Amino acid sequence: MKLQRKNRLRATALGALAVSGALVLTACGSDDNSGDTTGGNGGKTTAASNIKCDDAKGQLPASGSSAQKNAMDLWAKNYMAGCKGVEINYKSSSSGEGIVAFNQGTVGFAGSDSALKPEEVADSKKICKGGQGINLPMVGGPIAIGFHLEGVDSLTLDAPTLAKIFDGKIKKWNDQAIAKLNTGAKLPDKAIQPFHRSEDSGTTQNLGKYLGAAAPSDWKYEAEKKWPAPGGQAASGSSGVAAQVKQVDGAIGYFELSYATSQSIPTVDINTGGAAPVKATSENASKAIAAAKIKGTGKDLALDLDYTTKAEGAYPIVLVTYEVVCDKGNKAETLSTVKSFLNYTAGDEGQKLLTEAGYAPIPAEINAKVRETIASLS
């Protein structure tokens, strides 16, 4: 058990430190499901005994959301250790790039922090012969608002104040609106330097949904994957935004909690109007995601999230990353591997790893439907 935990922690650290690019690991181990297997490094791997490899084989290319990269690193490592001869190649880029790759037919599945748009579903029908692209919620978690302000370790903000900061309307850290939310804090007369994603991003879109819902008078932009507001500075990927916030005094930015945790970046507590400000934690994000409703039809499991929740301890700035697949018409050469791998990520072992990596598992009721849909893919 100690060795298993050691490997798991090592995998988390490696996933968190990875900046970008494709994950290409050499598969090793055994798929006989008879117990712990030995990887290429001579150590026992985790969760291998519970993985059903079925007819999985060869390479499985995938790409998209950088929000789920740290989770995907862990999943791929464990899965390939249990399924000999399989290589999961997940290129962490952005949700927008992942969907483009999916609709071009170059990947077995895509990761996206936002559900497919109607026009994207229409495009997918060219690739999904006899079917269409659908959304399978797989990874949940908080979008942390990270900051770097020398001398300030704790900070509370609300939606209107965040909207004005990211829209360039509040320019100094000692602005009265920030001071009012942080009584007693020694806020410096320093310029705020907001950072945002440079490429189309589902994380950007989910932040926009939150700001638009919780601060409609102060955030007038449509919730799109492309950053809409003027000003600010851009960086590539969640890792890039986190790196800039880490380096620049006076900076503020948004990224998944795992990036803040791995780089020891303090995060903003959100004043939702509830009894107390809410911290960005996996547990608090789970409370918000648990209230989500399925809005997709048929086999599509897109979710409707409540960004204006005031429930006690519910962190409102959340995202759900979907794995985008064809309901029918998946490529024959990768179908078995897609089903086997996603069955693992949606299974108890795969979802359990999410909390340990700073994410939030998908609620059990929704996850049961995800597994049922995976089994029906053709």
# chains A, B, ... in the order shown; residues from 1 in each chain; ligands from 1
>>> select_by_dssp(residues="region 197-327 of chain A", states="helix (DSSP H, G or I)", output="ChimeraX atom specification")
/A:202-214,237-247,257-262,282-289
>>> select_by_dssp(residues="region 249-324 of chain A", states="strand (DSSP E or B)", output="list of chain:residue names")
A:Ala251, A:Ile252, A:Gly253, A:Tyr254, A:Phe255, A:Glu256, A:Thr267, A:Asp269, A:Ile270, A:Asn271, A:Val278, A:Lys293, A:Ile294, A:Leu303, A:Asp304, A:Val318, A:Leu319, A:Val320, A:Thr321, A:Tyr322, A:Glu323, A:Val324
>>> closest_atom_pairs(of="region 129-243 of chain A", to="region 253-266 of chain A", cutoff="7 Å", atoms="only C-alpha atoms", output="tab-separated table")
residue	atom	partner	partner_atom	distance
A:Pro142	CA	A:Leu257	CA	6.1
A:Ile143	CA	A:Glu256	CA	4.7
A:Ala144	CA	A:Leu257	CA	5.2
A:Ile145	CA	A:Tyr254	CA	4.6
A:Gly146	CA	A:Gly253	CA	5.4
A:Phe147	CA	A:Pro266	CA	6.0
A:Asp153	CA	A:Pro266	CA	6.7
A:Pro194	CA	A:Gly253	CA	5.7
A:Phe195	CA	A:Gly253	CA	4.8
A:His196	CA	A:Gly253	CA	6.2
A:Ser238	CA	A:Phe255	CA	5.2
A:Ser239	CA	A:Tyr259	CA	6.7
A:Val241	CA	A:Gly253	CA	6.4
A:Ala242	CA	A:Tyr259	CA	6.5
>>> closest_atom_pairs(of="region 151-199 of chain A", to="region 218-235 of chain A", cutoff="7 Å", atoms="only C-alpha atoms", output="Markdown table")
| residue | atom | partner | partner_atom | distance |
| --- | --- | --- | --- | --- |
| A:Pro160 | CA | A:Asp218 | CA | 5.9 |
| A:Ala163 | CA | A:Trp219 | CA | 5.7 |
| A:Lys164 | CA | A:Asp218 | CA | 6.5 |
| A:Asp167 | CA | A:Ala229 | CA | 5.6 |
| A:Gly168 | CA | A:Gly231 | CA | 6.6 |
| A:Gln193 | CA | A:Gly232 | CA | 6.6 |
| A:Pro194 | CA | A:Gly232 | CA | 5.1 |
| A:Phe195 | CA | A:Gln233 | CA | 4.8 |
| A:His196 | CA | A:Ala234 | CA | 4.9 |
| A:Arg197 | CA | A:Ala235 | CA | 5.2 |
| A:Ser198 | CA | A:Ala234 | CA | 4.8 |
| A:Glu199 | CA | A:Lys226 | CA | 6.5 |
>>> closest_residue(among="A:Leu377, A:Leu74, A:Ile252, A:Ala285", to="Leu157 (chain A)", atoms="only C-alpha atoms")
A:Ile252
>>> residues_around(residues="region 95-104 of chain A", least_positions_apart="3", cutoff="9 Å", atoms="only C-alpha atoms", output="MDAnalysis selection string")
chainID A and resid 62:67 91:92 107:114 116 120:121 123:128 133 199:203 225 321 324:325
>>> residues_around(residues="Ile317 (chain A)", least_positions_apart="2", cutoff="10 Å", atoms="only C-alpha atoms", output="VMD selection string")
chain A and resid 141 to 145 159 203 206 to 211 214 270 280 285 288 to 289 305 to 309 314 to 315 319
>>> closest_residue(among="A:Ala185, A:Ala311, A:Val152, A:Val318", to="Asp249 (chain A)", atoms="only C-alpha atoms")
A:Val152
>>> atom_distance(atom1="CA of Gly329 (chain A)", atom2="CA of Gln205 (chain A)")
28.9 Å
>>> residues_around(residues="region 171-174 of chain A", least_positions_apart="3", cutoff="8 Å", atoms="only C-alpha atoms", output="MDAnalysis selection string")
chainID A and resid 165 168 178:179 187:192 250
>>> write_last_selection(atoms="all heavy atoms", output="short mmCIF file (atom, residue, chain, number, x, y, z; two decimals), in the first residue's frame")
data_model
loop_
_atom_site.label_atom_id
_atom_site.label_comp_id
_atom_site.auth_asym_id
_atom_site.auth_seq_id
_atom_site.Cartn_x
_atom_site.Cartn_y
_atom_site.Cartn_z
N ILE A 165 -12.47 43.75 -12.41
CA ILE A 165 -11.03 43.54 -12.50
C ILE A 165 -10.65 43.00 -13.88
O ILE A 165 -9.75 43.51 -14.55
CB ILE A 165 -10.56 42.58 -11.39
CG1 ILE A 165 -10.59 43.27 -10.03
CG2 ILE A 165 -9.15 42.06 -11.68
CD1 ILE A 165 -10.29 42.34 -8.86
N GLY A 168 -10.95 45.45 -16.69
CA GLY A 168 -10.08 46.62 -16.63
C GLY A 168 -10.71 47.84 -15.99
O GLY A 168 -10.16 48.95 -16.05
N ILE A 178 -12.39 46.38 -3.45
CA ILE A 178 -11.62 45.25 -2.93
C ILE A 178 -11.42 45.40 -1.43
O ILE A 178 -11.55 44.43 -0.67
CB ILE A 178 -10.26 45.15 -3.65
CG1 ILE A 178 -10.47 44.94 -5.15
CG2 ILE A 178 -9.43 44.00 -3.07
CD1 ILE A 178 -9.19 44.92 -5.96
N ALA A 179 -11.14 46.62 -1.00
CA ALA A 179 -10.91 46.88 0.43
C ALA A 179 -12.15 46.56 1.25
O ALA A 179 -12.05 46.03 2.37
CB ALA A 179 -10.50 48.33 0.64
N LEU A 187 -3.78 46.26 1.75
CA LEU A 187 -3.75 46.19 0.29
C LEU A 187 -2.85 47.28 -0.28
O LEU A 187 -3.01 48.46 0.04
CB LEU A 187 -5.16 46.34 -0.28
CG LEU A 187 -6.18 45.28 0.17
CD1 LEU A 187 -7.58 45.68 -0.25
CD2 LEU A 187 -5.81 43.92 -0.43
N PRO A 188 -1.89 46.93 -1.12
CA PRO A 188 -0.94 47.92 -1.63
C PRO A 188 -1.52 48.77 -2.76
O PRO A 188 -2.45 48.36 -3.45
CB PRO A 188 0.21 47.05 -2.16
CG PRO A 188 -0.47 45.78 -2.57
CD PRO A 188 -1.58 45.57 -1.58
N ASP A 189 -0.94 49.94 -2.95
CA ASP A 189 -1.29 50.82 -4.05
C ASP A 189 -0.52 50.34 -5.28
O ASP A 189 0.43 50.98 -5.75
CB ASP A 189 -0.93 52.27 -3.72
CG ASP A 189 -1.35 53.24 -4.82
OD1 ASP A 189 -2.19 52.85 -5.65
OD2 ASP A 189 -0.83 54.37 -4.85
N LYS A 190 -0.94 49.19 -5.77
CA LYS A 190 -0.21 48.53 -6.85
C LYS A 190 -1.16 48.22 -8.00
O LYS A 190 -2.33 47.90 -7.78
CB LYS A 190 0.42 47.23 -6.33
CG LYS A 190 1.31 46.49 -7.35
CD LYS A 190 1.78 45.18 -6.77
CE LYS A 190 2.71 45.39 -5.58
NZ LYS A 190 3.99 45.98 -6.01
N ALA A 191 -0.66 48.31 -9.21
CA ALA A 191 -1.48 48.03 -10.39
C ALA A 191 -1.85 46.55 -10.45
O ALA A 191 -1.02 45.68 -10.17
CB ALA A 191 -0.74 48.43 -11.66
N ILE A 192 -3.10 46.29 -10.79
CA ILE A 192 -3.55 44.91 -11.01
C ILE A 192 -3.15 44.48 -12.42
O ILE A 192 -3.36 45.21 -13.39
CB ILE A 192 -5.07 44.80 -10.85
CG1 ILE A 192 -5.49 45.18 -9.43
CG2 ILE A 192 -5.55 43.38 -11.18
CD1 ILE A 192 -6.99 45.23 -9.23
N GLY A 250 1.39 41.39 -8.31
CA GLY A 250 0.24 42.19 -8.72
C GLY A 250 -0.66 41.46 -9.71
O GLY A 250 -1.68 42.00 -10.14
#
>>> closest_atom_pairs(of="region 27-141 of chain A", to="region 355-365 of chain A", cutoff="10 Å", atoms="only C-alpha atoms", output="CSV")
residue,atom,partner,partner_atom,distance
A:Ala67,CA,A:Tyr359,CA,9.7
A:Gln68,CA,A:Tyr359,CA,8.6
A:Asn70,CA,A:Ala357,CA,7.2
A:Ala71,CA,A:Ala357,CA,6.7
A:Leu74,CA,A:Ala357,CA,8.6
A:Pro137,CA,A:Ile362,CA,7.1
A:Met138,CA,A:Ile362,CA,6.3
A:Val139,CA,A:Pro361,CA,6.2
A:Gly140,CA,A:Ala360,CA,4.6
A:Gly141,CA,A:Tyr359,CA,4.6
>>> atom_distance(atom1="CA of Gly347 (chain A)", atom2="CA of Thr373 (chain A)")
12.8 Å
>>> atom_distance(atom1="CA of Ala375 (chain A)", atom2="CA of Thr334 (chain A)")
14.4 Å
